[in-house]
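Read through the structure below, which is laid out as structure tokens, and then see the notes.
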2 protein chains.
Amino acid sequence: MRSKLFIAGILSTFAVPVALADEGMWTFDNFPSAAVEEKYGVVIDQEWLDHVRANAGRMANGCSSSLVSDDGLVFTNHHCVIGCVQNLSTPENDYVTNGFFTRARAEERQCPAYQIEYLETIGDVTEQVLAATLSLPVGQFTEARDAIIATLESESCGPREETHRCQVVTLYQGGQYKLYVYQKYSDVRLVFSPEIQASFFGGDPDNFNFPRYAFDGAFLRLYENGAPVSTPNHFRWSTDAPEAGDPVFVAGNPGSTSRLYTESQVESLRDFIYSDLMLQYSELRGQLVEFSKIDAEHARIATRDLFGIENTLKRMRGQFKALLNEDLFEQKRVADAELKSLVEANAELRARIGDPWAEIEAAQAARAGIYMTNYLVEGRGGFGSDLYGHAVDLVRASQERAKPNVERLPEYSQARLPLLERRLLAEEPIEPELEALKLEFWLTKLREYLAADAPETAIFIGRESPQTLAQTLSQSRLADPGFRRMLWEGGAAAIEESDDPMIVYVRTRDEVARTIREQYEERVEGPTDRAMERIASARFAIYGTDVYPDATFTLRLSYGAIDGWTANQQSVPPFTYFEGLYQRATDYEPFNLVSSWAEARNVLNPRTIYNISSSNDIVGGNSGSPLLDEDGAVIGAVFDGNILSLGGTFSFDTEVNRAVTVSTVAITEGLEKVYGMDALVAELTAP
Amino acid sequence: MRSKLFIAGILSTFAVPVALADEGMWTFDNFPSAAVEEKYGVVIDQEWLDHVRANAGRMANGCSSSLVSDDGLVFTNHHCVIGCVQNLSTPENDYVTNGFFTRARAEERQCPAYQIEYLETIGDVTEQVLAATLSLPVGQFTEARDAIIATLESESCGPREETHRCQVVTLYQGGQYKLYVYQKYSDVRLVFSPEIQASFFGGDPDNFNFPRYAFDGAFLRLYENGAPVSTPNHFRWSTDAPEAGDPVFVAGNPGSTSRLYTESQVESLRDFIYSDLMLQYSELRGQLVEFSKIDAEHARIATRDLFGIENTLKRMRGQFKALLNEDLFEQKRVADAELKSLVEANAELRARIGDPWAEIEAAQAARAGIYMTNYLVEGRGGFGSDLYGHAVDLVRASQERAKPNVERLPEYSQARLPLLERRLLAEEPIEPELEALKLEFWLTKLREYLAADAPETAIFIGRESPQTLAQTLSQSRLADPGFRRMLWEGGAAAIEESDDPMIVYVRTRDEVARTIREQYEERVEGPTDRAMERIASARFAIYGTDVYPDATFTLRLSYGAIDGWTANQQSVPPFTYFEGLYQRATDYEPFNLVSSWAEARNVLNPRTIYNISSSNDIVGGNSGSPLLDEDGAVIGAVFDGNILSLGGTFSFDTEVNRAVTVSTVAITEGLEKVYGMDALVAELTAP
């Protein structure tokens, strides 16, 4: 197993340098330029890094993007804007199915609650955070850490809250705390979105697979004061066909990895987290599939949820396969044991570090008992119901906003309120029938997984039935943004007086949910985080800092080359071409051609490079990231990984883990010949 | 972990005798009477065993039952007759919801395709089976073994095919081959079936849980030549309240366990079987839940499937939890290593046995590659579609019946045709809409799990869509039993000429399915079975034969005592009472009271023992088994196990594994006071 080698590489100074393995999602202040130069002969200097950093945008909805014109034009994936497109749609105008095309700036429409953020500076606040918690008992750890973080964020951004977002980022699972300051743009408008059958050709069967034929690109535009933002230093849009072997870079925001986890943490994921969550998602998927069969309108309103669930499920399946691989546990055992013994051998370290592995193991044992309760009540209460989510935010914010910043639940701290408010008040349609489905599902699973006789079941369902209760709650007036604004502005008094069924439901149960969360933080998260801090510190002391942290949905750079892979004696080449789309097409979903593409067949160059496979280390959150050539020009937008890359959550295997990108040459040709978006093409290719 | 001790007990002569642990599903020709006498002071002699054997009926649908009156009256679970009840129902008369009650014999209605079988003799055919395969290469093992079994079964039952069923049973995973001869009754009529809300009070949330309040009992009657069968030597029906600590026995047909599996076999279940199958079941569950919401009629036709899937899923979840327990693997490693080293130490054994563990491991590696293909194409083709199942039987039988008995696929061998024919031609309603749902689900999962580009996807879906294809196939005329009879009697010519869409579909793909099955048998099942034969032989040689075999859906006897259990510091008492039902009831499904029970509240004795927990070793297939007191009187029908008993598939833990039974005292009182079934009560309690 090659992956063993590379895991060892991360953790041990005796192994080959990581950099030779194309592994790592590197922070911009610690990029291994020397290793890249050695392997690829490409010089990545500070100027290159600064240019890329300034143009790689983080989308607040969990995606990445790139700035590609003088006038604030943003390139990302179609699946990163599908939420906006669905929100702008109506039963009469289904832009998800039919696409959204603008021929003039006036036609560009604001995406509710969208925000794109550009990293300006990275500061180190590790000392301050550690100092604030050092002498406290473990039970107070989470609260104290969250308080200092709230203070640091608000002090940094307070005066520039309108234009900036400040975020303390926990790197290396607690080894470093960094203050990331972003310039933010909250007026983001939709410019171009293709038909979903073009962007997601092959649907769920082809998702996380390659060869692929997906036009998974979309364009947004940043606005400020009603006018497009001027962005003269944007990425260059490449119209040159890339070649196999070309060195390429991905600048984006990988969401989350668990490569630094200890053995007992990974065991928890395997033994009592993944399998149950996958079962829940599968069942909900089945319900949504059947719901979608009722008629076209049901299918339309369920599209986004179904897409999201199928995507999550497929990712989890790939990750779970990795968790069932004994090798992973062997790697963890070896790595944990090596570090432990090196700590043991060093009296100073031993005194400072103690035995965090044992602490984590104890915390995991506690986790086994309360994980599902916390997940169903607090972590995923409402199971995706917007009404429930809004009610929780309104009820809690009304209490939290009355407290000093440092005493609040972190998601209601000063620096985080602006985005929360935008999301809460956004003009997004809420579908009562879909809400009822999700709420009933949630309550049914709560009863099933916590047991019919559990106290939480009595509190959240009582002697009602999930079905009738969900029906009642789905009629909440919270579907109306004006009603939400009234409660948001009315504060605690308005919440207290409200007789809206969902507000009453959440208000009368919130104490219970908070208690469960507190217990989970005290018994599981606090002890684990604190112990991880010390493990990270031991790692730095022993192995140095020439390593990369786990993904945290913050800006990273990964490098690699355009490359296919070989698995099961099958060799997969790195490119697909337009002609492959037409060969793969059938008359039926999800392999049918949308009419625009069927009609354009004869005018398209069949040999245009469509999708690309490359060896960059990526993970969910990287969707929409620019794939850059060595000069820093955009040659595509990463939209997927191959199925083998899903194990990348736990370890990277350079032999088979691949990123999948839609090329700018395909996007350019499609815009021109399929969609006739000549002005957009001119804007992209302006000299 | 106590379970470690008991697993060791099975395998090692050095450990405590198994019998002291209430463990084991013992065959009637090898019951540990001495151990039972030592532990419980109860003498189980040949007369006792013969009496029990003669009255414990195996139901061909996968359940167990007991004879309880002079006139062929059969007591079993309601959930064992739900298929029949649903088949007799119509949109106007929904007997599943409303119950089925007869006041006179003329009202008793035949259950389509039901058959109940009573074990008459057990013969040993181990020598013959082993001799037929001994000198053959492993690739021919399965075929040769199936051929000798077909011959033995048909020679034994040929002349008495009308009244008997002969079955060669593989015990100890190949250690013994026994010829079981049954008297069979194929005219089985429904006498009494309660409302599902009484039998399955608490629904899925309470399933596999205890305390329980389920009236999960039903009555059938055996008929012959249009008259009830005379059964004067039936079980005595007890109306005495049992007491905690009473020794009790379960005589029934546990379906399947895997306690003798080697480590690599159990690993396969964990690594690439359970988790994927559970995901598929969960999704189908979600679809059926949503399908059931459309209206009452959709709910009615989906009841049986939904019940079955939820039950299977819950069982699999419990088993998967056991598979995630590292202790299980440690036990396997220890047991495998001990036996291996004892074989190694004995030159004669070593020469005869070789290294079957390595052979099994190799077979499991092959299995990883082709398991899902075989499962979706052959093992579970159609995913429960009756139309598909009937088509496969018709197409294959038309070919197989033309061959000599020994050359047929085993399910079409002479001795097995009568039951196959009854099932195929039974007057059961087939619902096209539900068929379409299952067929579409099947095809979608086939494409998803085998990949869009797999050759099987091309063959079974081609360039169609699962939805349109399922729609077409669901319109097959095979829903009409008369049409099926015509094809059955018309043989190969009729099949060849048919233009029925399902017949054409299966006919043109059957060669592919057969090939996949052959490969699976040659590479996985044959090598595994043959190696397991030698492991069993080594086990007998080293540890003796004073052990019990894995469950095989054949008659077994397990012993134990009425007993609760303690887990997570909570002690669960062994009885529930009628009063508990009323305390637990709410106004909503699945905890609502059906009106008959609501109305009877004041006439029922609140302290009547309702459900019972006992320490007997049971597993799925035992449903409907009589729970017997030491005198061999029926004191209840086993209908469930507690959630902890689900790990019993792999090992038995006498501390916490419990069987759950509905008592005869509750059934008697319910029949009398809730249902007014006085004649039935009189029949049961006749002196």
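Following the order of the structure tokens, chains are lettered A, B, ..., residues in each are numbered from 1, and ligands are numbered from 1.
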**OP:** Within 9 Å of Met372 (chain B), counting only C-alpha atoms, which residues show up once you throw out same-chain ones fewer than 2 positions away? Write them as a PyMOL selection string, please.
**Re:** chain B and resi 272-273+276+367-370+374-377+446+449-450
**OP:** Extract, using only C-alpha atoms, all DNA, RNA and protein residues at most 7 Å from Tyr182 (chain A), discarding same-chain residues fewer than 3 positions from it, and format them as an NGL selection string.
**Re:** :A and (117-120 or 164-166)
Original post:
So which residues of region 225-424 of chain A fall under helix (DSSP H, G or I) by DSSP, listed as a VMD selection string?
Top reply: chain A and resid 263 to 292 296 to 323 326 to 344 347 to 353 356 to 379 381 to 384 386 to 400 405 to 407 410 to 412 414 to 424
**OP:** Show me which bits of chain A are within 8 Å of chain B, counting only C-alpha atoms, as a PyMOL selection string.
**Re:** chain A and resi 204-206+271+275+278-280+282-291+321+324+447-448+451-452+463-465+586-589
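Excluding region 665-670 of chain A and any residue on its chain fewer than 3 positions from it, the residues at most 9 Å away by only C-alpha atoms are Phe215, Asp216, Gly217, Ser238, Thr239, Asp240, Ala241, Pro242, Tyr577, Phe578, Trp597, Ala600, Leu604, Asn605, Thr608, Ile609, Tyr610, Asn611, Ile635, Gly636, Val662, Lys673, Val674, Tyr675, Gly676, Met677, Val681, Leu684 and Thr685 of chain A.
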Subject >> Close residues, region 523-531 of chain B itself excluded, 7 Å, only C-alpha atoms, min 2 positions apart in chain, as a ChimeraX atom specification >> reply: /B:138-139,141-142,174,356,359-360,363-364,366-367,519-521,533-535
Pull N, CA, C and O atoms from the residues just selected and write them as a PDB file, in the first residue's frame.
ATOM      1  N   VAL B 138     -11.943 -29.029  -7.257  1.00  0.00           N
ATOM      2  CA  VAL B 138     -12.831 -28.137  -6.515  1.00  0.00           C
ATOM      3  C   VAL B 138     -13.855 -27.456  -7.434  1.00  0.00           C
ATOM      4  O   VAL B 138     -14.983 -27.180  -7.030  1.00  0.00           O
ATOM      5  N   GLY B 139     -13.489 -27.238  -8.695  1.00  0.00           N
ATOM      6  CA  GLY B 139     -14.412 -26.600  -9.627  1.00  0.00           C
ATOM      7  C   GLY B 139     -15.678 -27.404  -9.858  1.00  0.00           C
ATOM      8  O   GLY B 139     -16.714 -26.872 -10.241  1.00  0.00           O
ATOM      9  N   PHE B 141     -17.029 -29.332  -7.425  1.00  0.00           N
ATOM     10  CA  PHE B 141     -17.579 -29.708  -6.121  1.00  0.00           C
ATOM     11  C   PHE B 141     -19.077 -29.415  -5.993  1.00  0.00           C
ATOM     12  O   PHE B 141     -19.869 -30.299  -5.661  1.00  0.00           O
ATOM     13  N   THR B 142     -19.457 -28.172  -6.262  1.00  0.00           N
ATOM     14  CA  THR B 142     -20.845 -27.770  -6.019  1.00  0.00           C
ATOM     15  C   THR B 142     -21.807 -28.622  -6.839  1.00  0.00           C
ATOM     16  O   THR B 142     -22.809 -29.133  -6.334  1.00  0.00           O
ATOM     17  N   GLY B 174     -21.038 -28.404   6.808  1.00  0.00           N
ATOM     18  CA  GLY B 174     -20.470 -29.452   5.959  1.00  0.00           C
ATOM     19  C   GLY B 174     -19.906 -30.625   6.736  1.00  0.00           C
ATOM     20  O   GLY B 174     -19.408 -31.589   6.159  1.00  0.00           O
ATOM     21  N   PRO B 356      -7.403 -25.544   4.983  1.00  0.00           N
ATOM     22  CA  PRO B 356      -8.676 -25.004   4.469  1.00  0.00           C
ATOM     23  C   PRO B 356      -8.845 -23.519   4.787  1.00  0.00           C
ATOM     24  O   PRO B 356      -9.550 -22.806   4.069  1.00  0.00           O
ATOM     25  N   GLU B 359      -7.565 -21.605   1.976  1.00  0.00           N
ATOM     26  CA  GLU B 359      -8.468 -21.731   0.815  1.00  0.00           C
ATOM     27  C   GLU B 359      -9.676 -20.807   0.969  1.00  0.00           C
ATOM     28  O   GLU B 359     -10.121 -20.180   0.006  1.00  0.00           O
ATOM     29  N   ILE B 360     -10.184 -20.749   2.182  1.00  0.00           N
ATOM     30  CA  ILE B 360     -11.341 -19.884   2.417  1.00  0.00           C
ATOM     31  C   ILE B 360     -10.947 -18.422   2.242  1.00  0.00           C
ATOM     32  O   ILE B 360     -11.682 -17.622   1.656  1.00  0.00           O
ATOM     33  N   ALA B 363     -10.876 -17.685  -1.316  1.00  0.00           N
ATOM     34  CA  ALA B 363     -12.236 -17.609  -1.862  1.00  0.00           C
ATOM     35  C   ALA B 363     -12.902 -16.285  -1.474  1.00  0.00           C
ATOM     36  O   ALA B 363     -13.670 -15.716  -2.250  1.00  0.00           O
ATOM     37  N   GLN B 364     -12.587 -15.798  -0.284  1.00  0.00           N
ATOM     38  CA  GLN B 364     -13.179 -14.523   0.138  1.00  0.00           C
ATOM     39  C   GLN B 364     -12.619 -13.367  -0.667  1.00  0.00           C
ATOM     40  O   GLN B 364     -13.329 -12.408  -0.968  1.00  0.00           O
ATOM     41  N   ALA B 366     -11.768 -13.560  -3.773  1.00  0.00           N
ATOM     42  CA  ALA B 366     -12.538 -13.623  -5.024  1.00  0.00           C
ATOM     43  C   ALA B 366     -13.941 -13.066  -4.808  1.00  0.00           C
ATOM     44  O   ALA B 366     -14.488 -12.344  -5.646  1.00  0.00           O
ATOM     45  N   ARG B 367     -14.498 -13.381  -3.651  1.00  0.00           N
ATOM     46  CA  ARG B 367     -15.857 -12.929  -3.333  1.00  0.00           C
ATOM     47  C   ARG B 367     -15.967 -11.403  -3.354  1.00  0.00           C
ATOM     48  O   ARG B 367     -16.960 -10.852  -3.817  1.00  0.00           O
ATOM     49  N   GLN B 519     -19.944 -18.714 -11.981  1.00  0.00           N
ATOM     50  CA  GLN B 519     -18.645 -18.182 -11.555  1.00  0.00           C
ATOM     51  C   GLN B 519     -18.595 -18.028 -10.044  1.00  0.00           C
ATOM     52  O   GLN B 519     -17.590 -18.323  -9.405  1.00  0.00           O
ATOM     53  N   TYR B 520     -19.688 -17.563  -9.487  1.00  0.00           N
ATOM     54  CA  TYR B 520     -19.720 -17.374  -8.036  1.00  0.00           C
ATOM     55  C   TYR B 520     -19.599 -18.724  -7.333  1.00  0.00           C
ATOM     56  O   TYR B 520     -18.885 -18.845  -6.332  1.00  0.00           O
ATOM     57  N   GLU B 521     -20.276 -19.712  -7.868  1.00  0.00           N
ATOM     58  CA  GLU B 521     -20.176 -21.046  -7.256  1.00  0.00           C
ATOM     59  C   GLU B 521     -18.776 -21.618  -7.396  1.00  0.00           C
ATOM     60  O   GLU B 521     -18.226 -22.184  -6.455  1.00  0.00           O
ATOM     61  N   GLU B 533     -16.089 -28.145   4.963  1.00  0.00           N
ATOM     62  CA  GLU B 533     -16.263 -29.580   5.243  1.00  0.00           C
ATOM     63  C   GLU B 533     -15.060 -30.124   6.001  1.00  0.00           C
ATOM     64  O   GLU B 533     -15.197 -30.852   6.987  1.00  0.00           O
ATOM     65  N   ARG B 534     -13.872 -29.733   5.549  1.00  0.00           N
ATOM     66  CA  ARG B 534     -12.668 -30.263   6.190  1.00  0.00           C
ATOM     67  C   ARG B 534     -12.421 -29.632   7.558  1.00  0.00           C
ATOM     68  O   ARG B 534     -11.954 -30.293   8.471  1.00  0.00           O
ATOM     69  N   ILE B 535     -12.782 -28.378   7.700  1.00  0.00           N
ATOM     70  CA  ILE B 535     -12.649 -27.773   9.032  1.00  0.00           C
ATOM     71  C   ILE B 535     -13.586 -28.469  10.010  1.00  0.00           C
ATOM     72  O   ILE B 535     -13.217 -28.785  11.151  1.00  0.00           O
TER      73      ILE B 535
END
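Counting only C-alpha atoms, Ser623 (chain B) has the following residues at most 6 Å away, ignoring those fewer than 4 positions along the same chain: B:Cys63, B:Ser64, B:Val638, B:Phe639.
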Selection export as a PDB file, in the first residue's frame, atoms kept: all heavy atoms:
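Dumped everything to again11.pdb:
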ATOM      1  N   CYS B  63     -41.250 -19.777   8.950  1.00  0.00           N
ATOM      2  CA  CYS B  63     -41.626 -19.672  10.359  1.00  0.00           C
ATOM      3  C   CYS B  63     -41.732 -21.047  11.017  1.00  0.00           C
ATOM      4  O   CYS B  63     -41.519 -22.080  10.378  1.00  0.00           O
ATOM      5  CB  CYS B  63     -42.969 -18.950  10.485  1.00  0.00           C
ATOM      6  SG  CYS B  63     -42.836 -17.137  10.476  1.00  0.00           S
ATOM      7  N   SER B  64     -42.091 -21.011  12.285  1.00  0.00           N
ATOM      8  CA  SER B  64     -42.310 -22.224  13.069  1.00  0.00           C
ATOM      9  C   SER B  64     -43.715 -22.162  13.675  1.00  0.00           C
ATOM     10  O   SER B  64     -44.368 -21.114  13.640  1.00  0.00           O
ATOM     11  CB  SER B  64     -41.250 -22.340  14.164  1.00  0.00           C
ATOM     12  OG  SER B  64     -39.956 -22.349  13.575  1.00  0.00           O
ATOM     13  N   VAL B 638     -42.917 -17.879  20.596  1.00  0.00           N
ATOM     14  CA  VAL B 638     -41.789 -16.946  20.477  1.00  0.00           C
ATOM     15  C   VAL B 638     -42.026 -16.046  19.266  1.00  0.00           C
ATOM     16  O   VAL B 638     -42.360 -16.538  18.196  1.00  0.00           O
ATOM     17  CB  VAL B 638     -40.481 -17.734  20.270  1.00  0.00           C
ATOM     18  CG1 VAL B 638     -39.319 -16.777  20.048  1.00  0.00           C
ATOM     19  CG2 VAL B 638     -40.209 -18.641  21.463  1.00  0.00           C
ATOM     20  N   PHE B 639     -41.901 -14.735  19.460  1.00  0.00           N
ATOM     21  CA  PHE B 639     -42.105 -13.869  18.290  1.00  0.00           C
ATOM     22  C   PHE B 639     -40.979 -12.879  18.057  1.00  0.00           C
ATOM     23  O   PHE B 639     -40.982 -12.155  17.056  1.00  0.00           O
ATOM     24  CB  PHE B 639     -43.452 -13.133  18.373  1.00  0.00           C
ATOM     25  CG  PHE B 639     -43.526 -12.052  19.437  1.00  0.00           C
ATOM     26  CD1 PHE B 639     -43.237 -10.726  19.126  1.00  0.00           C
ATOM     27  CD2 PHE B 639     -43.901 -12.362  20.731  1.00  0.00           C
ATOM     28  CE1 PHE B 639     -43.314  -9.729  20.095  1.00  0.00           C
ATOM     29  CE2 PHE B 639     -43.983 -11.374  21.707  1.00  0.00           C
ATOM     30  CZ  PHE B 639     -43.687 -10.051  21.398  1.00  0.00           C
TER      31      PHE B 639
END
Do you know which residues are at most 7 Å from region 502-504 of chain B counting only C-alpha atoms, after dropping those on the same chain fewer than 3 positions away, and could you put them as a CSV table (one decimal) with N, CA, C and O atoms, in the first residue's frame?
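Contents of the output file result28.csv:
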chain,number,residue,atom,x,y,z
B,388,TYR,N,-40.9,-10.8,-11.6
B,388,TYR,CA,-39.5,-11.2,-12.0
B,388,TYR,C,-39.2,-12.6,-11.5
B,388,TYR,O,-38.8,-13.4,-12.2
B,391,ALA,N,-41.1,-15.1,-13.4
B,391,ALA,CA,-40.5,-15.3,-14.8
B,391,ALA,C,-39.2,-16.1,-14.7
B,391,ALA,O,-39.0,-17.0,-15.6
B,473,LEU,N,-42.1,-3.6,-17.7
B,473,LEU,CA,-42.1,-5.0,-17.1
B,473,LEU,C,-43.2,-5.2,-16.1
B,473,LEU,O,-43.8,-6.3,-16.0
B,476,SER,N,-46.6,-6.9,-17.1
B,476,SER,CA,-46.5,-8.4,-17.5
B,476,SER,C,-47.8,-9.1,-17.1
B,476,SER,O,-48.4,-8.8,-16.1
B,498,SER,N,-43.6,-17.0,-26.1
B,498,SER,CA,-44.2,-15.9,-25.4
B,498,SER,C,-43.7,-14.5,-25.7
B,498,SER,O,-42.5,-14.4,-25.9
B,499,ASP,N,-44.6,-13.6,-25.9
B,499,ASP,CA,-44.1,-12.2,-26.1
B,499,ASP,C,-44.4,-11.3,-24.9
B,499,ASP,O,-44.4,-10.1,-25.0
B,507,ARG,N,-35.9,-14.2,-20.4
B,507,ARG,CA,-35.4,-15.2,-21.3
B,507,ARG,C,-34.2,-14.8,-22.0
B,507,ARG,O,-33.2,-15.6,-22.2
B,508,THR,N,-34.1,-13.5,-22.4
B,508,THR,CA,-33.0,-13.1,-23.2
B,508,THR,C,-31.8,-12.7,-22.3
B,508,THR,O,-30.7,-12.4,-22.8
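Distances here use only C-alpha atoms; by that measure, the residue among B:Lys178, B:Asn346, B:Thr257, B:Gln46 closest to Ala541 (chain B) is B:Asn346.
Counting from CA of Phe201 (chain A), the distance to CA of Val250 (chain A) is 23.5 Å.
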Original post:
Neighbours of Trp442 (chain B) within 8 Å (only C-alpha atoms; same-chain residues fewer than 6 positions away dropped), as a ChimeraX atom specification?
Top reply: /B:376,381-383
**OP:** Find the distance between CA of Ser89 (chain B) and CA of Val660 (chain B) and write it in Å to one decimal.
**Re:** 28.7 Å
